[in-house]
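Enquirer: Sharing work02.tsv, TSV, C-alpha atoms:
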chain	number	residue	atom	x	y	z
A	10	MET	CA	2.53	-82.90	-36.99
A	11	SER	CA	5.23	-85.53	-36.77
A	12	ARG	CA	8.27	-83.53	-35.68
A	13	PHE	CA	8.84	-83.16	-31.93
A	14	ALA	CA	11.23	-81.46	-29.51
A	15	SER	CA	11.07	-83.90	-26.58
A	16	PRO	CA	10.15	-87.55	-26.02
A	17	VAL	CA	7.58	-86.28	-23.53
A	18	ASP	CA	5.77	-84.61	-26.44
A	19	LEU	CA	5.37	-88.02	-28.09
A	20	ILE	CA	3.02	-89.20	-25.35
A	21	GLY	CA	-0.62	-89.75	-26.34
A	22	ASN	CA	-2.48	-89.66	-29.64
A	23	THR	CA	-2.16	-93.41	-29.94
A	24	PRO	CA	-3.78	-95.30	-32.82
A	25	LEU	CA	-7.15	-97.05	-32.68
A	26	LEU	CA	-7.06	-100.29	-34.67
A	27	ASP	CA	-10.15	-102.09	-35.98
A	28	ILE	CA	-9.82	-105.81	-35.27
A	29	SER	CA	-13.45	-106.74	-35.94
A	30	GLN	CA	-12.32	-109.85	-37.81
A	31	LEU	CA	-11.76	-111.33	-34.31
A	32	SER	CA	-15.24	-110.42	-33.03
A	33	PRO	CA	-17.34	-113.45	-32.06
A	34	ASN	CA	-20.47	-111.50	-33.07
A	35	PRO	CA	-20.85	-110.19	-36.67
A	36	SER	CA	-23.02	-107.32	-35.36
A	37	VAL	CA	-20.33	-106.08	-32.98
A	38	SER	CA	-17.16	-104.27	-34.09
A	39	ILE	CA	-14.08	-104.40	-31.87
A	40	LEU	CA	-11.36	-101.75	-31.87
A	41	VAL	CA	-8.19	-101.64	-29.78
A	42	LYS	CA	-6.38	-98.50	-28.61
A	43	LEU	CA	-2.68	-99.31	-28.83
A	44	GLU	CA	-1.00	-97.62	-25.88
A	45	GLY	CA	2.21	-99.50	-26.57
A	46	CYS	CA	2.81	-96.77	-29.19
A	47	ASN	CA	3.70	-94.30	-26.44
A	48	PRO	CA	7.45	-93.48	-26.27
A	49	GLY	CA	8.04	-95.39	-23.01
A	50	GLY	CA	5.98	-98.23	-24.40
A	51	SER	CA	2.86	-98.11	-22.25
A	52	VAL	CA	-0.30	-96.26	-21.27
A	53	LYS	CA	1.49	-95.24	-18.06
A	54	ASP	CA	3.53	-92.63	-19.92
A	55	ARG	CA	0.34	-90.58	-19.89
A	56	ILE	CA	-0.07	-90.57	-16.11
A	57	ALA	CA	3.66	-90.11	-15.54
A	58	ARG	CA	3.58	-86.90	-17.55
A	59	SER	CA	0.28	-85.76	-16.07
A	60	MET	CA	1.34	-86.34	-12.43
A	61	ILE	CA	4.74	-84.69	-12.87
A	62	LEU	CA	3.36	-81.64	-14.72
A	63	ALA	CA	0.61	-81.20	-12.10
A	64	ALA	CA	3.18	-81.39	-9.27
A	65	GLU	CA	5.46	-78.88	-11.00
A	66	ALA	CA	2.51	-76.56	-11.45
A	67	ASN	CA	1.40	-76.70	-7.81
A	68	GLY	CA	4.96	-76.42	-6.49
A	69	SER	CA	5.21	-79.84	-4.82
A	70	LEU	CA	7.96	-80.91	-7.23
A	71	ALA	CA	11.02	-78.74	-7.82
A	72	PRO	CA	14.00	-79.12	-10.19
A	73	GLY	CA	16.55	-81.69	-9.06
A	74	GLN	CA	14.22	-83.33	-6.54
A	75	THR	CA	14.01	-87.12	-6.07
A	76	ILE	CA	10.81	-88.96	-6.99
A	77	ILE	CA	9.77	-92.18	-5.19
A	78	GLU	CA	6.95	-94.42	-6.47
A	79	SER	CA	5.83	-98.04	-6.37
A	80	SER	CA	5.07	-99.74	-9.64
A	81	SER	CA	4.74	-103.18	-11.17
A	82	GLY	CA	6.81	-101.64	-13.95
A	83	ASN	CA	5.01	-99.50	-16.48
A	84	THR	CA	4.37	-96.47	-14.26
A	85	GLY	CA	8.00	-96.65	-13.20
A	86	ILE	CA	9.18	-96.74	-16.81
A	87	GLY	CA	6.89	-93.83	-17.72
A	88	LEU	CA	8.12	-91.80	-14.75
A	89	ALA	CA	11.71	-92.69	-15.65
A	90	LEU	CA	11.22	-91.40	-19.19
A	91	VAL	CA	9.71	-88.10	-18.03
A	92	ALA	CA	12.14	-87.76	-15.09
A	93	ARG	CA	15.14	-88.23	-17.41
A	94	SER	CA	14.00	-85.54	-19.79
A	95	ARG	CA	13.08	-83.10	-17.01
A	96	GLY	CA	16.04	-83.66	-14.67
A	97	TYR	CA	14.67	-85.62	-11.70
A	98	LYS	CA	16.19	-88.57	-9.86
A	99	LEU	CA	13.87	-91.55	-9.54
A	100	LYS	CA	13.50	-94.49	-7.13
A	101	ILE	CA	11.01	-97.24	-7.98
A	102	VAL	CA	9.75	-99.87	-5.55
A	103	LEU	CA	9.29	-102.89	-7.80
A	104	PRO	CA	7.88	-106.31	-6.79
A	105	GLU	CA	10.48	-109.03	-7.39
A	106	ASN	CA	8.22	-111.05	-9.69
A	107	VAL	CA	7.92	-108.72	-12.67
A	108	SER	CA	9.38	-109.51	-16.07
A	109	PRO	CA	13.17	-108.97	-16.37
A	110	GLU	CA	12.58	-106.56	-19.25
A	111	ARG	CA	10.76	-104.17	-16.91
A	112	LYS	CA	13.81	-104.08	-14.62
A	113	GLN	CA	16.15	-103.61	-17.59
A	114	LEU	CA	14.16	-100.68	-18.96
A	115	LEU	CA	14.12	-98.95	-15.58
A	116	GLU	CA	17.90	-99.37	-15.35
A	117	ILE	CA	18.42	-98.02	-18.87
A	118	TYR	CA	16.44	-94.91	-17.96
A	119	GLY	CA	18.59	-94.48	-14.84
A	120	ALA	CA	16.03	-95.30	-12.15
A	121	GLU	CA	17.10	-96.86	-8.86
A	122	ILE	CA	15.18	-100.09	-8.17
A	123	ILE	CA	14.12	-101.01	-4.63
A	124	SER	CA	12.79	-104.58	-4.49
A	125	SER	CA	9.65	-105.58	-2.60
A	126	PRO	CA	8.46	-109.15	-1.89
A	127	GLY	CA	6.88	-110.78	-4.93
A	128	SER	CA	4.43	-112.68	-2.73
A	129	GLU	CA	2.81	-109.41	-1.67
A	130	GLY	CA	2.29	-108.14	-5.21
A	131	SER	CA	1.64	-104.47	-5.84
A	132	ASN	CA	0.08	-104.13	-2.38
A	133	GLY	CA	3.48	-104.91	-0.83
A	134	ALA	CA	5.25	-102.42	-3.11
A	135	VAL	CA	2.77	-99.69	-2.12
A	136	LYS	CA	3.49	-100.31	1.57
A	137	VAL	CA	7.27	-100.04	1.07
A	138	ALA	CA	6.91	-96.82	-0.96
A	139	GLN	CA	4.58	-95.27	1.64
A	140	LYS	CA	7.10	-96.01	4.40
A	141	LEU	CA	10.03	-94.59	2.40
A	142	ALA	CA	8.05	-91.50	1.44
A	143	ALA	CA	7.12	-90.92	5.09
A	144	ASP	CA	10.79	-91.31	6.13
A	145	HIS	CA	11.93	-88.91	3.39
A	146	PRO	CA	9.62	-85.91	3.23
A	147	GLU	CA	12.17	-84.26	0.92
A	148	TRP	CA	11.27	-86.77	-1.81
A	149	TRP	CA	8.17	-86.36	-3.97
A	150	TYR	CA	5.77	-89.32	-3.91
A	151	PRO	CA	3.22	-89.22	-6.76
A	152	TYR	CA	1.19	-92.15	-5.27
A	153	GLN	CA	-0.52	-93.08	-8.53
A	154	TYR	CA	-3.35	-94.89	-6.70
A	155	ALA	CA	-4.54	-91.67	-5.05
A	156	ASN	CA	-3.37	-88.99	-7.50
A	157	PRO	CA	-6.21	-87.24	-9.36
A	158	ALA	CA	-3.74	-86.40	-12.16
A	159	ASN	CA	-3.76	-90.14	-12.95
A	160	VAL	CA	-7.49	-89.99	-13.75
A	161	ASP	CA	-7.09	-86.59	-15.40
A	162	ALA	CA	-4.59	-87.94	-17.95
A	163	HIS	CA	-7.34	-90.20	-19.25
A	164	TYR	CA	-10.18	-87.73	-18.82
A	165	THR	CA	-8.34	-85.11	-20.89
A	166	GLY	CA	-6.34	-87.45	-23.16
A	167	THR	CA	-7.31	-91.06	-23.70
A	168	GLY	CA	-11.07	-90.47	-23.43
A	169	PRO	CA	-11.28	-87.55	-25.88
A	170	GLU	CA	-9.01	-89.40	-28.32
A	171	ILE	CA	-11.37	-92.40	-28.32
A	172	TRP	CA	-14.42	-90.15	-28.76
A	173	ARG	CA	-12.68	-88.25	-31.59
A	174	ASP	CA	-11.74	-91.45	-33.43
A	175	CYS	CA	-14.85	-93.53	-32.63
A	176	PRO	CA	-17.94	-91.56	-31.53
A	177	GLU	CA	-20.04	-94.67	-32.28
A	178	VAL	CA	-18.47	-96.49	-29.29
A	179	THR	CA	-21.05	-98.34	-27.16
A	180	HIS	CA	-18.77	-100.24	-24.76
A	181	PHE	CA	-15.33	-99.47	-23.33
A	182	VAL	CA	-13.28	-102.29	-21.82
A	183	ALA	CA	-10.00	-101.93	-19.90
A	184	GLY	CA	-7.96	-103.61	-17.20
A	185	LEU	CA	-8.35	-102.55	-13.60
A	186	GLY	CA	-5.00	-101.70	-12.00
A	187	THR	CA	-4.93	-98.30	-10.37
A	188	SER	CA	-8.39	-97.82	-11.98
A	189	GLY	CA	-7.22	-94.51	-13.51
A	190	THR	CA	-7.91	-95.52	-17.13
A	191	LEU	CA	-11.44	-96.76	-16.42
A	192	LEU	CA	-12.31	-93.75	-14.27
A	193	GLY	CA	-10.98	-91.10	-16.65
A	194	VAL	CA	-12.09	-92.62	-19.95
A	195	GLY	CA	-15.34	-93.91	-18.44
A	196	ARG	CA	-16.32	-90.57	-17.03
A	197	TYR	CA	-15.47	-88.71	-20.24
A	198	LEU	CA	-17.33	-91.15	-22.51
A	199	LYS	CA	-20.41	-91.23	-20.27
A	200	GLU	CA	-20.50	-87.42	-20.30
A	201	GLN	CA	-20.58	-87.54	-24.10
A	202	ASN	CA	-23.08	-90.40	-24.24
A	203	PRO	CA	-24.59	-91.69	-20.98
A	204	ALA	CA	-25.51	-94.97	-22.70
A	205	VAL	CA	-21.84	-96.02	-23.06
A	206	GLN	CA	-21.11	-99.06	-20.88
A	207	ILE	CA	-17.85	-99.39	-18.97
A	208	TRP	CA	-16.47	-102.88	-18.38
A	209	ALA	CA	-13.46	-103.64	-16.18
A	210	VAL	CA	-11.20	-106.67	-16.49
A	211	GLU	CA	-8.93	-107.97	-13.76
A	212	PRO	CA	-6.67	-110.96	-13.31
A	213	PRO	CA	-7.52	-113.43	-10.55
A	214	ALA	CA	-5.75	-112.50	-7.33
A	215	GLY	CA	-4.26	-115.93	-6.95
A	216	GLU	CA	-0.92	-117.30	-5.90
A	217	MET	CA	0.59	-113.86	-6.51
A	218	VAL	CA	-0.85	-112.53	-3.28
A	219	ASP	CA	-0.32	-115.50	-0.98
A	220	GLY	CA	1.88	-113.19	1.06
A	221	LEU	CA	-1.19	-111.30	2.28
A	222	LYS	CA	-1.63	-112.10	5.93
A	223	ASN	CA	-5.21	-111.02	6.29
A	224	LEU	CA	-7.92	-109.49	4.22
A	225	ASP	CA	-7.45	-106.08	5.75
A	226	GLU	CA	-4.19	-105.93	3.81
A	227	GLY	CA	-6.39	-105.85	0.74
A	228	TYR	CA	-6.42	-102.70	-1.26
A	229	ILE	CA	-8.82	-100.43	-3.11
A	230	PRO	CA	-7.18	-97.47	-4.84
A	231	PRO	CA	-8.30	-94.22	-3.16
A	232	ILE	CA	-9.07	-92.70	-6.59
A	233	PHE	CA	-11.57	-95.54	-7.18
A	234	ILE	CA	-13.50	-94.33	-4.14
A	235	ASP	CA	-12.95	-90.59	-4.81
A	236	PHE	CA	-14.15	-90.78	-8.41
A	237	GLY	CA	-17.15	-93.05	-7.76
A	238	GLY	CA	-15.73	-96.14	-9.46
A	239	ALA	CA	-18.38	-98.51	-8.15
A	240	ASP	CA	-21.12	-96.40	-9.77
A	241	LEU	CA	-19.19	-95.79	-12.99
A	242	LEU	CA	-18.44	-99.42	-13.83
A	243	ASN	CA	-21.21	-101.50	-15.38
A	244	ARG	CA	-19.47	-104.88	-15.25
A	245	LYS	CA	-16.26	-106.45	-14.02
A	246	LYS	CA	-14.86	-109.63	-15.54
A	247	MET	CA	-12.08	-111.86	-14.24
A	248	VAL	CA	-9.72	-113.17	-16.92
A	249	GLY	CA	-6.98	-115.63	-15.99
A	250	PRO	CA	-3.45	-116.06	-17.32
A	251	ARG	CA	-4.31	-118.93	-19.66
A	252	GLU	CA	-7.04	-116.97	-21.46
A	253	SER	CA	-4.77	-113.91	-21.52
A	254	ILE	CA	-2.01	-115.87	-23.25
A	255	GLU	CA	-4.48	-117.38	-25.71
A	256	GLY	CA	-5.64	-113.81	-26.34
A	257	VAL	CA	-2.18	-112.44	-27.15
A	258	ARG	CA	-1.55	-115.42	-29.42
A	259	THR	CA	-4.79	-114.77	-31.32
A	260	LEU	CA	-3.87	-111.10	-31.69
A	261	ALA	CA	-0.37	-112.03	-32.90
A	262	GLU	CA	-1.96	-114.06	-35.70
A	263	ILE	CA	-3.33	-110.83	-37.18
A	264	GLY	CA	-0.02	-109.01	-36.64
A	265	VAL	CA	-0.82	-107.28	-33.35
A	266	LEU	CA	1.93	-107.83	-30.76
A	267	VAL	CA	0.73	-106.82	-27.31
A	268	GLY	CA	1.47	-107.56	-23.66
A	269	LEU	CA	-0.28	-110.06	-21.41
A	270	SER	CA	-2.68	-107.61	-19.79
A	271	THR	CA	-3.90	-106.76	-23.30
A	272	GLY	CA	-4.73	-110.44	-23.75
A	273	ALA	CA	-6.97	-110.13	-20.70
A	274	ALA	CA	-8.63	-106.94	-21.97
A	275	PHE	CA	-9.14	-108.57	-25.38
A	276	LEU	CA	-10.91	-111.52	-23.75
A	277	GLY	CA	-13.07	-109.02	-21.86
A	278	ALA	CA	-13.91	-107.32	-25.16
A	279	THR	CA	-14.84	-110.59	-26.89
A	280	LYS	CA	-16.99	-111.68	-23.92
A	281	CYS	CA	-18.73	-108.33	-24.10
A	282	ALA	CA	-19.23	-108.68	-27.87
A	283	ALA	CA	-20.66	-112.16	-27.41
A	284	GLU	CA	-23.18	-110.97	-24.80
A	285	ILE	CA	-24.59	-107.91	-26.58
A	286	ASP	CA	-26.82	-107.88	-29.67
A	287	SER	CA	-24.93	-105.19	-31.56
A	288	GLY	CA	-22.52	-102.40	-30.84
A	289	VAL	CA	-18.97	-101.06	-31.02
A	290	VAL	CA	-16.54	-102.24	-28.36
A	291	VAL	CA	-13.33	-100.29	-27.79
A	292	PHE	CA	-10.73	-101.86	-25.53
A	293	LEU	CA	-7.42	-100.52	-24.31
A	294	SER	CA	-4.10	-102.25	-24.83
A	295	PRO	CA	-1.76	-101.04	-22.05
A	296	ASP	CA	1.48	-102.10	-23.72
A	297	GLY	CA	3.20	-104.05	-26.48
A	298	ALA	CA	4.71	-107.53	-26.43
A	299	TRP	CA	8.33	-106.45	-26.19
A	300	LYS	CA	8.65	-106.49	-22.39
A	301	TYR	CA	7.33	-110.06	-22.19
A	302	LEU	CA	9.31	-111.89	-24.87
A	303	SER	CA	11.36	-113.68	-22.18
A	304	SER	CA	8.12	-115.20	-20.86
A	305	GLU	CA	7.81	-117.19	-24.12
A	306	ALA	CA	4.08	-116.57	-23.94
A	307	TRP	CA	3.87	-116.73	-27.73
A	308	THR	CA	6.36	-119.47	-28.53
A	309	GLY	CA	6.37	-121.84	-25.56
A	310	ASP	CA	4.06	-124.65	-24.50
A	311	LEU	CA	0.72	-123.17	-23.40
A	312	ASP	CA	0.63	-124.96	-20.03
A	313	GLU	CA	4.19	-123.95	-19.17
A	314	ALA	CA	3.65	-120.37	-20.33
A	315	THR	CA	0.49	-120.18	-18.19
A	316	GLU	CA	2.38	-121.42	-15.14
A	317	ARG	CA	5.12	-118.83	-15.69
A	318	ALA	CA	2.51	-116.08	-16.07
A	319	ARG	CA	0.89	-117.23	-12.82
A	320	GLN	CA	4.14	-116.46	-11.01
A	321	THR	CA	4.57	-113.07	-12.70
A	322	LEU	CA	2.95	-109.76	-12.02
A	323	TYR	CA	1.79	-108.56	-15.43
A	324	PHE	CA	-1.01	-106.11	-14.58
B	18	MET	CA	-28.77	-127.28	-4.61
B	19	ALA	CA	-25.03	-127.58	-3.99
B	20	VAL	CA	-22.74	-125.01	-5.59
B	21	GLN	CA	-18.94	-125.05	-5.53
B	22	VAL	CA	-17.27	-122.13	-3.78
B	23	ARG	CA	-13.53	-121.52	-4.15
B	24	ILE	CA	-11.86	-120.22	-1.02
B	25	PRO	CA	-8.72	-118.05	-1.26
B	26	THR	CA	-5.57	-119.17	0.56
B	27	ILE	CA	-6.01	-116.38	3.05
B	28	LEU	CA	-9.44	-117.67	4.20
B	29	ARG	CA	-8.75	-121.40	4.10
B	30	PRO	CA	-7.86	-121.64	7.81
B	31	ASP	CA	-11.39	-120.37	8.49
B	32	ALA	CA	-12.94	-122.92	6.12
B	33	GLY	CA	-11.49	-126.14	7.50
B	34	GLY	CA	-8.38	-125.77	5.34
B	35	GLN	CA	-10.32	-126.51	2.16
B	36	ALA	CA	-9.71	-124.84	-1.21
B	37	VAL	CA	-13.20	-125.65	-2.49
B	38	VAL	CA	-16.32	-126.13	-0.39
B	39	GLU	CA	-19.90	-126.89	-1.37
B	40	ALA	CA	-22.72	-124.65	-0.21
B	41	GLU	CA	-26.48	-124.71	-0.59
B	42	GLY	CA	-28.51	-121.81	-1.96
B	43	GLU	CA	-30.19	-120.11	-4.89
B	44	THR	CA	-28.31	-116.80	-4.53
B	45	VAL	CA	-24.81	-115.74	-3.49
B	46	GLY	CA	-26.25	-114.45	-0.21
B	47	GLU	CA	-27.89	-117.81	0.55
B	48	LEU	CA	-24.64	-119.64	-0.21
B	49	PHE	CA	-22.78	-117.41	2.22
B	50	ALA	CA	-25.42	-117.89	4.91
B	51	ASP	CA	-24.98	-121.65	4.55
B	52	LEU	CA	-21.17	-121.36	4.63
B	53	VAL	CA	-21.15	-119.13	7.69
B	54	ALA	CA	-23.44	-121.56	9.53
B	55	ARG	CA	-20.81	-124.25	9.06
B	56	PHE	CA	-17.69	-122.05	9.30
B	57	PRO	CA	-18.55	-119.24	11.75
B	58	ASN	CA	-15.05	-117.72	11.49
B	59	LEU	CA	-15.76	-116.78	7.88
B	60	SER	CA	-18.65	-114.57	8.92
B	61	SER	CA	-17.07	-111.20	9.65
B	62	LYS	CA	-14.41	-111.70	6.97
B	63	VAL	CA	-16.81	-112.01	4.06
B	64	ILE	CA	-19.96	-110.16	5.15
B	65	THR	CA	-20.07	-106.97	7.21
B	66	GLU	CA	-22.36	-106.39	10.18
B	67	GLU	CA	-24.60	-104.40	7.82
B	68	GLY	CA	-25.02	-107.49	5.65
B	69	GLN	CA	-22.87	-106.18	2.78
B	70	LEU	CA	-19.86	-107.77	1.12
B	71	HIS	CA	-16.63	-106.91	2.95
B	72	LYS	CA	-14.90	-104.14	1.01
B	73	PHE	CA	-11.68	-106.08	0.53
B	74	VAL	CA	-13.48	-109.15	-0.80
B	75	ASN	CA	-14.44	-109.70	-4.42
B	76	VAL	CA	-16.93	-112.46	-5.20
B	77	TYR	CA	-17.29	-113.87	-8.68
B	78	VAL	CA	-19.98	-116.06	-10.22
B	79	ASN	CA	-17.84	-117.75	-12.86
B	80	ASP	CA	-15.97	-114.73	-14.33
B	81	ASP	CA	-18.43	-111.99	-13.27
B	82	ASP	CA	-17.93	-109.81	-10.17
B	83	VAL	CA	-21.27	-109.88	-8.31
B	84	ARG	CA	-20.89	-106.23	-7.24
B	85	TYR	CA	-21.79	-105.36	-10.84
B	86	LEU	CA	-24.55	-107.96	-11.12
B	87	ASP	CA	-27.14	-108.17	-8.31
B	88	LYS	CA	-24.62	-108.27	-5.43
B	89	LEU	CA	-25.66	-110.83	-2.80
B	90	ASP	CA	-28.97	-111.35	-4.64
B	91	THR	CA	-27.12	-112.64	-7.73
B	92	LYS	CA	-28.69	-115.97	-8.75
B	93	VAL	CA	-26.56	-119.10	-8.90
B	94	THR	CA	-27.03	-122.61	-10.32
B	95	ALA	CA	-25.24	-125.89	-9.69
B	96	ALA	CA	-23.31	-125.32	-12.93
B	97	ASP	CA	-21.74	-122.10	-11.59
B	98	THR	CA	-18.44	-121.78	-9.75
B	99	ILE	CA	-18.24	-119.11	-7.08
B	100	SER	CA	-14.84	-117.59	-6.27
B	101	ILE	CA	-14.03	-115.47	-3.25
B	102	LEU	CA	-10.89	-113.39	-3.83
B	103	PRO	CA	-9.06	-110.66	-1.94
B	104	ALA	CA	-9.08	-107.18	-3.50
B	105	VAL	CA	-5.56	-106.27	-4.62
B	106	ALA	CA	-3.90	-103.48	-6.56
B	107	GLY	CA	-2.36	-103.50	-10.01
B	108	GLY	CA	-0.38	-100.76	-11.76
Is it possible to express this structure as structure tokens?
Expert:
Amino acid sequence: MSRFASPVDLIGNTPLLDISQLSPNPSVSILVKLEGCNPGGSVKDRIARSMILAAEANGSLAPGQTIIESSSGNTGIGLALVARSRGYKLKIVLPENVSPERKQLLEIYGAEIISSPGSEGSNGAVKVAQKLAADHPEWWYPYQYANPANVDAHYTGTGPEIWRDCPEVTHFVAGLGTSGTLLGVGRYLKEQNPAVQIWAVEPPAGEMVDGLKNLDEGYIPPIFIDFGGADLLNRKKMVGPRESIEGVRTLAEIGVLVGLSTGAAFLGATKCAAEIDSGVVVFLSPDGAWKYLSSEAWTGDLDEATERARQTLYF
Amino acid sequence: MAVQVRIPTILRPDAGGQAVVEAEGETVGELFADLVARFPNLSSKVITEEGQLHKFVNVYVNDDDVRYLDKLDTKVTAADTISILPAVAGG
């Protein structure tokens, strides 16, 4: 069916694209799930819809209410899309160092932006949102890092879609942000085939988090603990901004325009393909290139683009 | 055997202000034991009293998180770079 009544109904059922021509190992296929095809432009549309529908169903969110959430951008944009179409006001705590396009999209969708210090990254934004939510019990705070509906969106959506389109999958690779994608897809795929391996990719926590005053300000998403993340993951790879930019440039050469965190996931997928003898690696692309064009990641000098990415929160 | 260990900004005051230090050992655990002997303030920040990695610390051998390898028993060679990084959120 390709006729819909609401943009919210366009969420999910994203395409899986075979890009095996970029595999470093001829015995390993690589496929990418293109979440940029969601109406708000990212995988986070899924959790925005899932968290809002779950809250409506259990009565914690009522018509006309205000929603407050922290986000490095995509969750905010997803919530803004769903909030617009379902009549909620939205406030997003956004670290200062995200791409300007993320701010613009939030403004277009009518969300109010509350800035948090860039030097504290997403951790700092979470703290501000928690304080505001505590001060305003009349607002609804989805708290994506602790909301089981985040995991559920992937357990009932992304995971089954991958299994439907590629039951031969042996490895699933995705970025680790809230951990919702890895937990939901990982759990679903392992239930179908316990041999499937789940690999996480994360950017180095570098200069972005110099604002942390001590390690106890570190952060592990509560859902990662609640859903047994440490037992579910088989590997975790760190991929830096330079490799991520090289990754998006390689993908652009075959006509695939994706955001910087996809570059990191792609590198994770190729590292996985290089290490295993044979198999089918599926990795998830959180969003498309459009929100990052101002970063000149594709067109600028590689060293300069890497330095800009280092100062930007792109996960 | 000396292995390079990268220290995050947040822990540098406890490691003589250095961004990279050398440590001796065949495993990640041995490297940390050597580091803690020289920089006692690092002790409780990296390893818990139970001898496990602190929950808000991620340790990488090159690009691999040791929690998903052999944890503190993960083998290292002089060609490896070890990175200690704080756990942070994305999303």
Enquirer: Using all atoms listed in the file, collect all residues at a distance of at most 10 Å from (-20.3, -114.0, -11.8) as written in the file, then present them as a list of chain:residue names.
Expert: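 Selection result: A:Arg244, A:Lys245, A:Lys246, A:Met247, B:Val45, B:Val76, B:Tyr77, B:Val78, B:Asn79, B:Asp80, B:Asp81, B:Asp82, B:Val83, B:Arg84, B:Tyr85, B:Leu86, B:Asp87, B:Lys88, B:Thr91, B:Lys92, B:Val93, B:Asp97, B:Thr98, B:Ile99, B:Ser100.
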Enquirer: From the list B:Gln69, B:Ser60, B:Gln21, B:Asn75, which residue is nearest chain A when using only C-alpha atoms?
Expert: B:Asn75
Enquirer: Atom CA of Val257 of chain A to atom CA of Trp172 of chain A: how many Å, to one decimal?
Expert: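 Taking atom CA of Val257 of chain A and atom CA of Trp172 of chain A, their separation equals 25.5 Å.
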Enquirer: Write down, as a VMD selection string, each residue of chain A that has any atom within 10 Å of an atom of chain B, counting only C-alpha atoms.
Expert: chain A and resid 53 79 to 85 129 to 135 153 to 154 184 to 189 208 to 230 239 to 240 242 to 249 277 322 to 324
Enquirer: Tell me which protein, DNA and RNA residues are within 6 Å of segment 96-106 of chain A, counting all atoms listed in the file, leaving out same-chain ones fewer than 3 positions away, and put them as a short mmCIF file (atom, residue, chain, number, x, y, z; two decimals) with C-alpha atoms, keeping the file's coordinate frame.
Expert:
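Here's the written file result22.cif:
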data_model
loop_
_atom_site.label_atom_id
_atom_site.label_comp_id
_atom_site.auth_asym_id
_atom_site.auth_seq_id
_atom_site.Cartn_x
_atom_site.Cartn_y
_atom_site.Cartn_z
CA GLY A 73 16.55 -81.69 -9.06
CA GLN A 74 14.22 -83.33 -6.54
CA THR A 75 14.01 -87.12 -6.07
CA ILE A 76 10.81 -88.96 -6.99
CA ILE A 77 9.77 -92.18 -5.19
CA GLU A 78 6.95 -94.42 -6.47
CA SER A 79 5.83 -98.04 -6.37
CA SER A 80 5.07 -99.74 -9.64
CA SER A 81 4.74 -103.18 -11.17
CA ALA A 92 12.14 -87.76 -15.09
CA ARG A 93 15.14 -88.23 -17.41
CA ALA A 120 16.03 -95.30 -12.15
CA GLU A 121 17.10 -96.86 -8.86
CA ILE A 122 15.18 -100.09 -8.17
CA ILE A 123 14.12 -101.01 -4.63
CA SER A 124 12.79 -104.58 -4.49
CA SER A 125 9.65 -105.58 -2.60
CA PRO A 126 8.46 -109.15 -1.89
CA GLY A 127 6.88 -110.78 -4.93
CA ALA A 134 5.25 -102.42 -3.11
CA THR A 321 4.57 -113.07 -12.70
CA LEU A 322 2.95 -109.76 -12.02
#
